[in-house]
$ cat query.csv   # CSV, N, CA and C atoms
chain,number,residue,atom,x,y,z
A,20,MET,N,-11.1,13.3,-37.9
A,20,MET,CA,-11.8,12.4,-37.1
A,20,MET,C,-10.8,11.3,-36.6
A,21,ASN,N,-10.8,11.0,-35.3
A,21,ASN,CA,-9.9,10.1,-34.8
A,21,ASN,C,-10.6,8.7,-34.7
A,22,ASP,N,-10.1,7.7,-35.4
A,22,ASP,CA,-10.7,6.4,-35.4
A,22,ASP,C,-10.1,5.5,-34.4
A,23,ALA,N,-9.1,5.9,-33.7
A,23,ALA,CA,-8.4,5.1,-32.7
A,23,ALA,C,-9.4,4.9,-31.5
A,24,ALA,N,-9.6,3.6,-31.1
A,24,ALA,CA,-10.4,3.3,-30.0
A,24,ALA,C,-9.7,3.7,-28.7
A,25,PRO,N,-10.5,4.2,-27.7
A,25,PRO,CA,-9.8,4.5,-26.4
A,25,PRO,C,-9.3,3.2,-25.8
A,26,GLU,N,-8.2,3.4,-25.1
A,26,GLU,CA,-7.6,2.2,-24.4
A,26,GLU,C,-8.5,1.7,-23.3
A,27,GLN,N,-8.8,0.4,-23.3
A,27,GLN,CA,-9.7,-0.2,-22.4
A,27,GLN,C,-8.8,-0.7,-21.2
A,28,TYR,N,-9.4,-0.5,-20.0
A,28,TYR,CA,-8.7,-1.0,-18.8
A,28,TYR,C,-9.5,-2.3,-18.4
A,29,ARG,N,-8.7,-3.3,-18.2
A,29,ARG,CA,-9.3,-4.6,-17.8
A,29,ARG,C,-9.3,-4.7,-16.3
A,30,VAL,N,-10.4,-5.0,-15.7
A,30,VAL,CA,-10.5,-5.1,-14.3
A,30,VAL,C,-10.2,-6.6,-13.9
A,31,SER,N,-9.1,-6.7,-13.1
A,31,SER,CA,-8.7,-8.1,-12.7
A,31,SER,C,-9.4,-8.5,-11.4
A,32,PRO,N,-9.4,-9.7,-11.0
A,32,PRO,CA,-9.9,-10.1,-9.7
A,32,PRO,C,-9.1,-9.4,-8.6
A,33,ASN,N,-7.9,-9.2,-8.8
A,33,ASN,CA,-7.1,-8.5,-7.7
A,33,ASN,C,-7.5,-7.1,-7.6
A,34,ASP,N,-7.9,-6.4,-8.7
A,34,ASP,CA,-8.4,-5.1,-8.6
A,34,ASP,C,-9.7,-5.0,-7.7
A,35,ILE,N,-10.6,-6.0,-7.9
A,35,ILE,CA,-11.8,-6.0,-7.1
A,35,ILE,C,-11.4,-6.3,-5.6
A,36,LEU,N,-10.5,-7.2,-5.4
A,36,LEU,CA,-10.1,-7.5,-4.0
A,36,LEU,C,-9.5,-6.3,-3.4
A,37,ARG,N,-8.7,-5.5,-4.1
A,37,ARG,CA,-8.0,-4.3,-3.6
A,37,ARG,C,-9.1,-3.3,-3.2
A,38,PHE,N,-10.1,-3.1,-4.1
A,38,PHE,CA,-11.2,-2.2,-3.8
A,38,PHE,C,-11.9,-2.6,-2.5
A,39,LEU,N,-12.2,-3.9,-2.3
A,39,LEU,CA,-12.8,-4.3,-1.1
A,39,LEU,C,-11.9,-4.2,0.1
A,40,LEU,N,-10.6,-4.4,0.0
A,40,LEU,CA,-9.7,-4.1,1.1
A,40,LEU,C,-9.6,-2.6,1.4
A,41,GLU,N,-9.7,-1.7,0.5
A,41,GLU,CA,-9.7,-0.3,0.8
A,41,GLU,C,-11.0,0.1,1.6
A,42,ILE,N,-12.1,-0.4,1.1
A,42,ILE,CA,-13.4,-0.2,1.8
A,42,ILE,C,-13.3,-0.7,3.3
A,43,PHE,N,-12.8,-1.9,3.4
A,43,PHE,CA,-12.7,-2.6,4.7
A,43,PHE,C,-11.7,-1.8,5.6
A,44,ALA,N,-10.6,-1.3,5.0
A,44,ALA,CA,-9.7,-0.5,5.8
A,44,ALA,C,-10.3,0.8,6.3
A,45,VAL,N,-11.1,1.5,5.5
A,45,VAL,CA,-11.7,2.7,5.9
A,45,VAL,C,-12.8,2.5,7.0
A,46,VAL,N,-13.6,1.5,6.8
A,46,VAL,CA,-14.6,1.1,7.7
A,46,VAL,C,-14.0,0.7,9.1
A,47,THR,N,-12.9,-0.1,9.0
A,47,THR,CA,-12.2,-0.5,10.2
A,47,THR,C,-11.7,0.7,11.0
A,48,LEU,N,-11.1,1.7,10.3
A,48,LEU,CA,-10.6,2.9,11.0
A,48,LEU,C,-11.8,3.6,11.7
A,49,GLY,N,-12.9,3.7,11.1
A,49,GLY,CA,-14.1,4.3,11.7
A,49,GLY,C,-14.5,3.5,12.9
A,50,ILE,N,-14.6,2.2,12.8
A,50,ILE,CA,-15.0,1.4,13.9
A,50,ILE,C,-14.0,1.5,15.1
A,51,TRP,N,-12.8,1.5,14.8
A,51,TRP,CA,-11.7,1.7,15.8
A,51,TRP,C,-11.8,3.0,16.5
A,52,GLY,N,-12.1,4.1,15.7
A,52,GLY,CA,-12.2,5.4,16.4
A,52,GLY,C,-13.3,5.5,17.3
A,53,PHE,N,-14.5,4.9,16.9
A,53,PHE,CA,-15.6,5.0,17.8
A,53,PHE,C,-15.6,4.1,19.0
A,54,THR,N,-15.0,2.9,18.8
A,54,THR,CA,-15.0,2.0,19.9
A,54,THR,C,-13.8,2.0,20.8
A,55,ALA,N,-12.6,2.4,20.3
A,55,ALA,CA,-11.4,2.3,21.2
A,55,ALA,C,-11.2,3.6,22.0
A,56,TRP,N,-11.9,4.6,21.7
A,56,TRP,CA,-11.7,5.9,22.4
A,56,TRP,C,-13.0,6.3,23.0
A,57,PRO,N,-12.9,7.0,24.2
A,57,PRO,CA,-14.2,7.4,24.9
A,57,PRO,C,-15.0,8.4,24.0
A,58,LEU,N,-16.3,8.2,24.1
A,58,LEU,CA,-17.2,9.2,23.4
A,58,LEU,C,-17.6,10.2,24.4
A,59,PRO,N,-18.0,11.4,24.0
A,59,PRO,CA,-18.0,11.9,22.7
A,59,PRO,C,-16.6,12.5,22.3
A,60,TRP,N,-15.8,12.7,23.2
A,60,TRP,CA,-14.4,13.3,22.9
A,60,TRP,C,-13.4,12.4,23.4
A,61,PRO,N,-12.4,11.9,22.7
A,61,PRO,CA,-12.0,12.1,21.3
A,61,PRO,C,-12.6,11.1,20.4
A,62,GLY,N,-13.5,10.2,20.8
A,62,GLY,CA,-13.9,9.1,20.0
A,62,GLY,C,-14.6,9.5,18.7
A,63,ALA,N,-15.5,10.5,18.8
A,63,ALA,CA,-16.2,11.0,17.6
A,63,ALA,C,-15.2,11.6,16.6
A,64,VAL,N,-14.3,12.4,17.1
A,64,VAL,CA,-13.3,13.0,16.2
A,64,VAL,C,-12.4,12.0,15.5
A,65,ILE,N,-11.9,11.0,16.3
A,65,ILE,CA,-11.1,10.0,15.7
A,65,ILE,C,-11.9,9.1,14.8
A,66,GLY,N,-13.1,8.7,15.2
A,66,GLY,CA,-14.0,7.9,14.4
A,66,GLY,C,-14.3,8.5,13.1
A,67,ILE,N,-14.4,9.8,13.0
A,67,ILE,CA,-14.6,10.4,11.7
A,67,ILE,C,-13.3,10.8,11.0
A,68,GLY,N,-12.4,11.3,11.8
A,68,GLY,CA,-11.1,11.8,11.2
A,68,GLY,C,-10.2,10.7,10.7
A,69,ALA,N,-10.1,9.6,11.3
A,69,ALA,CA,-9.2,8.6,10.8
A,69,ALA,C,-9.6,8.1,9.4
A,70,PRO,N,-10.9,7.7,9.2
A,70,PRO,CA,-11.2,7.3,7.8
A,70,PRO,C,-11.1,8.4,6.8
A,71,LEU,N,-11.4,9.7,7.2
A,71,LEU,CA,-11.2,10.8,6.3
A,71,LEU,C,-9.8,11.0,5.9
A,72,ILE,N,-8.9,10.8,6.8
A,72,ILE,CA,-7.4,11.0,6.5
A,72,ILE,C,-7.0,9.8,5.6
A,73,ALA,N,-7.5,8.6,5.8
A,73,ALA,CA,-7.2,7.5,4.9
A,73,ALA,C,-7.7,7.7,3.5
A,74,ILE,N,-8.9,8.2,3.4
A,74,ILE,CA,-9.6,8.4,2.1
A,74,ILE,C,-8.8,9.5,1.4
A,75,LEU,N,-8.4,10.6,2.1
A,75,LEU,CA,-7.7,11.7,1.6
A,75,LEU,C,-6.3,11.2,1.0
A,76,LEU,N,-5.6,10.5,1.8
A,76,LEU,CA,-4.3,10.0,1.4
A,76,LEU,C,-4.4,9.1,0.1
A,77,TRP,N,-5.4,8.2,0.2
A,77,TRP,CA,-5.6,7.3,-0.9
A,77,TRP,C,-6.0,8.0,-2.2
A,78,GLY,N,-6.9,9.0,-2.1
A,78,GLY,CA,-7.4,9.8,-3.2
A,78,GLY,C,-6.3,10.7,-3.8
A,79,LEU,N,-5.4,11.2,-2.9
A,79,LEU,CA,-4.4,12.1,-3.4
A,79,LEU,C,-3.2,11.4,-4.1
A,80,PHE,N,-2.9,10.2,-3.5
A,80,PHE,CA,-1.6,9.6,-4.0
A,80,PHE,C,-1.8,8.2,-4.6
A,81,ARG,N,-2.8,7.4,-4.2
A,81,ARG,CA,-2.8,6.0,-4.5
A,81,ARG,C,-3.8,5.6,-5.5
A,82,SER,N,-4.9,6.3,-5.6
A,82,SER,CA,-6.0,5.9,-6.5
A,82,SER,C,-5.6,5.9,-8.0
A,83,PRO,N,-6.3,5.2,-8.8
A,83,PRO,CA,-6.0,5.2,-10.2
A,83,PRO,C,-6.1,6.6,-10.9
A,84,LYS,N,-6.9,7.5,-10.3
A,84,LYS,CA,-7.0,8.8,-10.8
A,84,LYS,C,-6.5,9.8,-9.8
A,85,ALA,N,-5.3,9.5,-9.2
A,85,ALA,CA,-4.7,10.3,-8.1
A,85,ALA,C,-4.5,11.7,-8.6
A,86,VAL,N,-4.6,12.6,-7.6
A,86,VAL,CA,-4.3,14.0,-7.9
A,86,VAL,C,-2.8,14.3,-8.1
A,87,PHE,N,-2.0,13.7,-7.2
A,87,PHE,CA,-0.6,13.8,-7.3
A,87,PHE,C,0.0,12.4,-7.8
A,88,HIS,N,0.8,12.5,-8.9
A,88,HIS,CA,1.3,11.3,-9.4
A,88,HIS,C,2.7,11.1,-8.8
A,89,ILE,N,2.9,10.0,-8.1
A,89,ILE,CA,4.2,9.7,-7.4
A,89,ILE,C,4.7,8.4,-7.9
A,90,ASP,N,5.9,8.1,-7.7
A,90,ASP,CA,6.5,6.8,-8.2
A,90,ASP,C,5.9,5.6,-7.4
A,91,ALA,N,6.2,4.4,-7.8
A,91,ALA,CA,5.6,3.2,-7.2
A,91,ALA,C,6.0,3.1,-5.8
A,92,PHE,N,7.2,3.5,-5.4
A,92,PHE,CA,7.6,3.4,-4.0
A,92,PHE,C,6.8,4.3,-3.1
A,93,GLY,N,6.5,5.5,-3.6
A,93,GLY,CA,5.7,6.4,-2.8
A,93,GLY,C,4.2,5.9,-2.6
A,94,LYS,N,3.7,5.3,-3.7
A,94,LYS,CA,2.4,4.7,-3.6
A,94,LYS,C,2.4,3.5,-2.6
A,95,ALA,N,3.5,2.8,-2.6
A,95,ALA,CA,3.6,1.6,-1.7
A,95,ALA,C,3.6,2.1,-0.2
A,96,ILE,N,4.3,3.2,0.0
A,96,ILE,CA,4.3,3.8,1.4
A,96,ILE,C,2.9,4.2,1.8
A,97,VAL,N,2.2,4.9,0.9
A,97,VAL,CA,0.8,5.3,1.3
A,97,VAL,C,0.0,4.1,1.5
A,98,GLU,N,0.1,3.1,0.7
A,98,GLU,CA,-0.7,1.9,0.9
A,98,GLU,C,-0.4,1.2,2.2
A,99,ILE,N,0.9,1.1,2.5
A,99,ILE,CA,1.4,0.5,3.8
A,99,ILE,C,0.8,1.2,5.0
A,100,LEU,N,0.8,2.6,4.9
A,100,LEU,CA,0.3,3.4,6.0
A,100,LEU,C,-1.2,3.1,6.2
A,101,VAL,N,-2.0,3.1,5.1
A,101,VAL,CA,-3.4,2.9,5.3
A,101,VAL,C,-3.8,1.5,5.7
A,102,MET,N,-3.2,0.5,5.0
A,102,MET,CA,-3.6,-0.9,5.3
A,102,MET,C,-3.0,-1.3,6.7
A,103,GLY,N,-1.8,-0.8,6.9
A,103,GLY,CA,-1.1,-1.1,8.2
A,103,GLY,C,-1.9,-0.5,9.4
A,104,ALA,N,-2.4,0.7,9.2
A,104,ALA,CA,-3.2,1.3,10.2
A,104,ALA,C,-4.5,0.5,10.5
A,105,ALA,N,-5.1,0.0,9.5
A,105,ALA,CA,-6.3,-0.8,9.6
A,105,ALA,C,-6.0,-2.1,10.4
A,106,ALA,N,-4.9,-2.7,10.0
A,106,ALA,CA,-4.5,-4.0,10.7
A,106,ALA,C,-4.1,-3.7,12.2
A,107,LEU,N,-3.4,-2.6,12.4
A,107,LEU,CA,-3.1,-2.3,13.8
A,107,LEU,C,-4.4,-1.9,14.6
A,108,ALA,N,-5.4,-1.3,13.9
A,108,ALA,CA,-6.6,-1.0,14.6
A,108,ALA,C,-7.3,-2.3,15.1
A,109,TRP,N,-7.3,-3.3,14.2
A,109,TRP,CA,-7.9,-4.6,14.6
A,109,TRP,C,-7.2,-5.2,15.8
A,110,TRP,N,-5.9,-5.1,15.7
A,110,TRP,CA,-5.0,-5.6,16.8
A,110,TRP,C,-5.4,-4.9,18.1
A,111,ASP,N,-5.5,-3.6,18.1
A,111,ASP,CA,-5.9,-2.8,19.2
A,111,ASP,C,-7.3,-3.1,19.8
A,112,LEU,N,-8.2,-3.5,18.9
A,112,LEU,CA,-9.5,-3.8,19.3
A,112,LEU,C,-9.6,-5.3,19.9
A,113,GLY,N,-8.4,-5.9,20.0
A,113,GLY,CA,-8.4,-7.3,20.6
A,113,GLY,C,-8.8,-8.4,19.6
A,114,GLN,N,-8.6,-8.1,18.3
A,114,GLN,CA,-8.9,-9.1,17.3
A,114,GLN,C,-7.6,-9.4,16.5
A,115,PRO,N,-6.7,-10.1,17.1
A,115,PRO,CA,-5.4,-10.4,16.4
A,115,PRO,C,-5.6,-11.3,15.1
A,116,VAL,N,-6.6,-12.2,15.1
A,116,VAL,CA,-6.8,-13.1,14.0
A,116,VAL,C,-7.2,-12.2,12.8
A,117,VAL,N,-8.2,-11.3,13.0
A,117,VAL,CA,-8.7,-10.5,11.9
A,117,VAL,C,-7.5,-9.6,11.4
A,118,ALA,N,-6.7,-9.0,12.4
A,118,ALA,CA,-5.6,-8.2,12.0
A,118,ALA,C,-4.6,-9.0,11.1
A,119,ALA,N,-4.3,-10.2,11.5
A,119,ALA,CA,-3.3,-11.0,10.8
A,119,ALA,C,-3.8,-11.4,9.4
A,120,VAL,N,-5.1,-11.8,9.3
A,120,VAL,CA,-5.6,-12.2,8.0
A,120,VAL,C,-5.7,-11.0,7.1
A,121,PHE,N,-6.2,-9.9,7.6
A,121,PHE,CA,-6.3,-8.7,6.8
A,121,PHE,C,-4.9,-8.3,6.3
A,122,ALA,N,-3.9,-8.3,7.2
A,122,ALA,CA,-2.5,-7.9,6.9
A,122,ALA,C,-1.9,-8.8,5.8
A,123,ILE,N,-2.2,-10.1,5.9
A,123,ILE,CA,-1.6,-11.0,5.0
A,123,ILE,C,-2.3,-10.9,3.6
A,124,VAL,N,-3.6,-10.8,3.6
A,124,VAL,CA,-4.3,-10.6,2.3
A,124,VAL,C,-4.0,-9.3,1.7
A,125,ALA,N,-3.9,-8.2,2.4
A,125,ALA,CA,-3.5,-6.9,1.9
A,125,ALA,C,-2.1,-6.9,1.3
A,126,THR,N,-1.2,-7.6,2.0
A,126,THR,CA,0.2,-7.6,1.6
A,126,THR,C,0.3,-8.4,0.3
A,127,ILE,N,-0.3,-9.5,0.2
A,127,ILE,CA,-0.3,-10.3,-1.0
A,127,ILE,C,-0.9,-9.6,-2.2
A,128,SER,N,-2.0,-8.9,-2.0
A,128,SER,CA,-2.7,-8.2,-3.0
A,128,SER,C,-1.8,-7.0,-3.4
A,129,GLY,N,-1.2,-6.3,-2.5
A,129,GLY,CA,-0.3,-5.2,-2.8
A,129,GLY,C,0.9,-5.6,-3.6
A,130,VAL,N,1.5,-6.8,-3.3
A,130,VAL,CA,2.6,-7.2,-4.0
A,130,VAL,C,2.2,-7.6,-5.4
A,131,ILE,N,1.1,-8.2,-5.6
A,131,ILE,CA,0.6,-8.5,-7.0
A,131,ILE,C,0.4,-7.3,-7.8
A,132,SER,N,-0.2,-6.3,-7.1
A,132,SER,CA,-0.5,-5.0,-7.8
A,132,SER,C,0.8,-4.3,-8.1
A,133,GLY,N,1.7,-4.3,-7.2
A,133,GLY,CA,3.0,-3.6,-7.4
A,133,GLY,C,3.8,-4.2,-8.5
A,134,ARG,N,3.8,-5.5,-8.6
A,134,ARG,CA,4.5,-6.2,-9.7
A,134,ARG,C,3.9,-5.8,-11.0
A,135,LYS,N,2.6,-5.6,-11.1
A,135,LYS,CA,1.9,-5.2,-12.3
A,135,LYS,C,2.3,-3.8,-12.7
A,136,GLU,N,2.5,-2.9,-11.7
A,136,GLU,CA,2.9,-1.5,-11.9
A,136,GLU,C,4.3,-1.4,-12.4
A,137,PHE,N,5.2,-2.3,-11.9
A,137,PHE,CA,6.6,-2.2,-12.3
A,137,PHE,C,6.8,-2.9,-13.7
A,138,ALA,N,5.9,-3.7,-14.2
A,138,ALA,CA,6.0,-4.4,-15.4
A,138,ALA,C,5.9,-3.5,-16.6

$ encode --input "query.csv" --output "structure tokens"
Amino acid sequence: MNDAAPEQYRVSPNDILRFLLEIFAVVTLGIWGFTAWPLPWPGAVIGIGAPLIAILLWGLFRSPKAVFHIDAFGKAIVEILVMGAAALAWWDLGQPVVAAVFAIVATISGVISGRKEFA
């Protein structure tokens, strides 16, 4: 019988913020796809495909239970791609303030998380 307690993971405020940023990025890519492109083609395809690609990349490489385990630099590249795409989508939609605020908050949160991973 194993009496060792399982290791508990503590959820920090930054973890909650990062989750909200991920959701915001995916929703942003969907909004961008449906509004920035003509419907039904290619708007519907991009509106559905862009968030799906972001979710797939995040799930495969960046999530806590990722399918493929890569080093911290690879994870940073995936995060920059997804969050950067969302910031650029807001810029393309004519919302530079939203793009800048999102990019700054995502960058600060990513740096905090990255420092925790390297520690």

$ residues_around --input "query.csv" --residues "segment 98-115 of chain A" --least-positions-apart "6" --cutoff "6 Å" --atoms "only C-alpha atoms" --output "list in words"
Ala44, Thr47, Leu48, Trp51, Ala73 and Ala122 of chain A

$ residues_around --input "query.csv" --residues "Val130 of chain A" --least-positions-apart "5" --cutoff "12 Å" --atoms "only C-alpha atoms" --output "ChimeraX atom specification"
/A:33,37,91-92,94-95,98-99,123-125,135-137

$ select_by_dssp --input "query.csv" --residues "chain A" --states "helix (DSSP H, G or I)" --output "count of residues only"
88

$ closest_residue --input "query.csv" --among "A:Gly133, A:Pro70, A:Pro59, A:Pro32" --to "Val46 of chain A" --atoms "only C-alpha atoms"
A:Pro70

$ atom_distance --input "query.csv" --atom1 "atom CA of Gly66 of chain A" --atom2 "atom C of Phe53 of chain A"
6.2 Å

$ atom_distance --input "query.csv" --atom1 "atom C of Leu39 of chain A" --atom2 "atom CA of Lys84 of chain A"
17.7 Å

$ atom_distance --input "query.csv" --atom1 "atom N of Ser82 of chain A" --atom2 "atom C of Val97 of chain A"
8.9 Å

$ residues_around --input "query.csv" --residues "Phe80 of chain A" --least-positions-apart "4" --cutoff "7 Å" --atoms "all atoms listed in the file" --output "list in words"
Leu75, Leu76, Ala85, Val86, Phe87, His88, Ile89, Gly93 and Lys94 of chain A

$ closest_residue --input "query.csv" --among "A:Ala69, A:Arg134, A:Thr54, A:Phe43" --to "Val117 of chain A" --atoms "only C-alpha atoms"
A:Phe43

$ decode --input "query.csv" --residues "segment 86-97 of chain A" --atoms "all heavy atoms" --output "PDB file, in the first residue's frame"
ATOM      1  N   VAL A  86       0.077  16.519 -25.422  1.00  0.00           N
ATOM      2  CA  VAL A  86       0.356  15.232 -26.043  1.00  0.00           C
ATOM      3  C   VAL A  86       1.847  15.094 -26.317  1.00  0.00           C
ATOM      4  O   VAL A  86       2.448  14.048 -26.049  1.00  0.00           O
ATOM      5  CB  VAL A  86      -0.455  15.087 -27.351  1.00  0.00           C
ATOM      6  CG1 VAL A  86      -0.102  13.797 -28.068  1.00  0.00           C
ATOM      7  CG2 VAL A  86      -1.950  15.151 -27.058  1.00  0.00           C
ATOM      8  N   PHE A  87       2.454  16.145 -26.848  1.00  0.00           N
ATOM      9  CA  PHE A  87       3.880  16.150 -27.140  1.00  0.00           C
ATOM     10  C   PHE A  87       4.589  17.049 -26.140  1.00  0.00           C
ATOM     11  O   PHE A  87       4.241  18.213 -25.996  1.00  0.00           O
ATOM     12  CB  PHE A  87       4.155  16.650 -28.564  1.00  0.00           C
ATOM     13  CG  PHE A  87       3.509  15.808 -29.621  1.00  0.00           C
ATOM     14  CD1 PHE A  87       2.420  16.283 -30.320  1.00  0.00           C
ATOM     15  CD2 PHE A  87       3.980  14.534 -29.895  1.00  0.00           C
ATOM     16  CE1 PHE A  87       1.802  15.511 -31.288  1.00  0.00           C
ATOM     17  CE2 PHE A  87       3.373  13.750 -30.858  1.00  0.00           C
ATOM     18  CZ  PHE A  87       2.285  14.230 -31.557  1.00  0.00           C
ATOM     19  N   HIS A  88       5.563  16.513 -25.464  1.00  0.00           N
ATOM     20  CA  HIS A  88       6.302  17.295 -24.473  1.00  0.00           C
ATOM     21  C   HIS A  88       7.529  17.904 -25.145  1.00  0.00           C
ATOM     22  O   HIS A  88       8.413  17.184 -25.609  1.00  0.00           O
ATOM     23  CB  HIS A  88       6.705  16.411 -23.294  1.00  0.00           C
ATOM     24  CG  HIS A  88       5.516  15.860 -22.581  1.00  0.00           C
ATOM     25  ND1 HIS A  88       4.729  16.628 -21.755  1.00  0.00           N
ATOM     26  CD2 HIS A  88       4.951  14.628 -22.596  1.00  0.00           C
ATOM     27  CE1 HIS A  88       3.746  15.891 -21.279  1.00  0.00           C
ATOM     28  NE2 HIS A  88       3.853  14.669 -21.776  1.00  0.00           N
ATOM     29  N   ILE A  89       7.539  19.223 -25.202  1.00  0.00           N
ATOM     30  CA  ILE A  89       8.647  19.945 -25.810  1.00  0.00           C
ATOM     31  C   ILE A  89       9.276  20.844 -24.760  1.00  0.00           C
ATOM     32  O   ILE A  89       8.707  21.054 -23.687  1.00  0.00           O
ATOM     33  CB  ILE A  89       8.183  20.755 -27.048  1.00  0.00           C
ATOM     34  CG1 ILE A  89       7.057  21.733 -26.674  1.00  0.00           C
ATOM     35  CG2 ILE A  89       7.728  19.825 -28.158  1.00  0.00           C
ATOM     36  CD1 ILE A  89       6.594  22.615 -27.806  1.00  0.00           C
ATOM     37  N   ASP A  90      10.432  21.371 -25.083  1.00  0.00           N
ATOM     38  CA  ASP A  90      11.124  22.217 -24.105  1.00  0.00           C
ATOM     39  C   ASP A  90      10.408  23.564 -23.967  1.00  0.00           C
ATOM     40  O   ASP A  90       9.466  23.879 -24.690  1.00  0.00           O
ATOM     41  CB  ASP A  90      12.585  22.406 -24.501  1.00  0.00           C
ATOM     42  CG  ASP A  90      12.756  23.147 -25.815  1.00  0.00           C
ATOM     43  OD1 ASP A  90      11.768  23.346 -26.539  1.00  0.00           O
ATOM     44  OD2 ASP A  90      13.898  23.526 -26.121  1.00  0.00           O
ATOM     45  N   ALA A  91      10.855  24.344 -23.013  1.00  0.00           N
ATOM     46  CA  ALA A  91      10.199  25.617 -22.704  1.00  0.00           C
ATOM     47  C   ALA A  91      10.243  26.587 -23.885  1.00  0.00           C
ATOM     48  O   ALA A  91       9.311  27.380 -24.071  1.00  0.00           O
ATOM     49  CB  ALA A  91      10.831  26.246 -21.473  1.00  0.00           C
ATOM     50  N   PHE A  92      11.296  26.523 -24.686  1.00  0.00           N
ATOM     51  CA  PHE A  92      11.384  27.426 -25.837  1.00  0.00           C
ATOM     52  C   PHE A  92      10.348  27.065 -26.900  1.00  0.00           C
ATOM     53  O   PHE A  92       9.743  27.947 -27.509  1.00  0.00           O
ATOM     54  CB  PHE A  92      12.796  27.409 -26.424  1.00  0.00           C
ATOM     55  CG  PHE A  92      13.809  28.005 -25.495  1.00  0.00           C
ATOM     56  CD1 PHE A  92      14.742  27.198 -24.866  1.00  0.00           C
ATOM     57  CD2 PHE A  92      13.816  29.361 -25.223  1.00  0.00           C
ATOM     58  CE1 PHE A  92      15.671  27.732 -23.995  1.00  0.00           C
ATOM     59  CE2 PHE A  92      14.745  29.912 -24.355  1.00  0.00           C
ATOM     60  CZ  PHE A  92      15.669  29.091 -23.733  1.00  0.00           C
ATOM     61  N   GLY A  93      10.137  25.790 -27.117  1.00  0.00           N
ATOM     62  CA  GLY A  93       9.098  25.350 -28.048  1.00  0.00           C
ATOM     63  C   GLY A  93       7.716  25.762 -27.577  1.00  0.00           C
ATOM     64  O   GLY A  93       6.870  26.191 -28.367  1.00  0.00           O
ATOM     65  N   LYS A  94       7.485  25.615 -26.263  1.00  0.00           N
ATOM     66  CA  LYS A  94       6.208  26.041 -25.701  1.00  0.00           C
ATOM     67  C   LYS A  94       6.015  27.546 -25.882  1.00  0.00           C
ATOM     68  O   LYS A  94       4.909  28.008 -26.173  1.00  0.00           O
ATOM     69  CB  LYS A  94       6.144  25.689 -24.217  1.00  0.00           C
ATOM     70  CG  LYS A  94       6.015  24.214 -23.950  1.00  0.00           C
ATOM     71  CD  LYS A  94       5.970  23.955 -22.452  1.00  0.00           C
ATOM     72  CE  LYS A  94       5.865  22.490 -22.150  1.00  0.00           C
ATOM     73  NZ  LYS A  94       5.784  22.236 -20.705  1.00  0.00           N
ATOM     74  N   ALA A  95       7.091  28.296 -25.702  1.00  0.00           N
ATOM     75  CA  ALA A  95       7.007  29.752 -25.872  1.00  0.00           C
ATOM     76  C   ALA A  95       6.657  30.113 -27.316  1.00  0.00           C
ATOM     77  O   ALA A  95       5.863  31.026 -27.553  1.00  0.00           O
ATOM     78  CB  ALA A  95       8.322  30.409 -25.456  1.00  0.00           C
ATOM     79  N   ILE A  96       7.231  29.394 -28.264  1.00  0.00           N
ATOM     80  CA  ILE A  96       6.930  29.654 -29.689  1.00  0.00           C
ATOM     81  C   ILE A  96       5.448  29.419 -29.966  1.00  0.00           C
ATOM     82  O   ILE A  96       4.792  30.232 -30.628  1.00  0.00           O
ATOM     83  CB  ILE A  96       7.803  28.754 -30.599  1.00  0.00           C
ATOM     84  CG1 ILE A  96       9.268  29.052 -30.404  1.00  0.00           C
ATOM     85  CG2 ILE A  96       7.368  28.871 -32.053  1.00  0.00           C
ATOM     86  CD1 ILE A  96       9.767  30.275 -31.093  1.00  0.00           C
ATOM     87  N   VAL A  97       4.905  28.317 -29.466  1.00  0.00           N
ATOM     88  CA  VAL A  97       3.488  28.017 -29.678  1.00  0.00           C
ATOM     89  C   VAL A  97       2.620  29.096 -29.034  1.00  0.00           C
ATOM     90  O   VAL A  97       1.658  29.574 -29.640  1.00  0.00           O
ATOM     91  CB  VAL A  97       3.137  26.616 -29.120  1.00  0.00           C
ATOM     92  CG1 VAL A  97       1.637  26.385 -29.125  1.00  0.00           C
ATOM     93  CG2 VAL A  97       3.852  25.534 -29.915  1.00  0.00           C
TER      94      VAL A  97
END
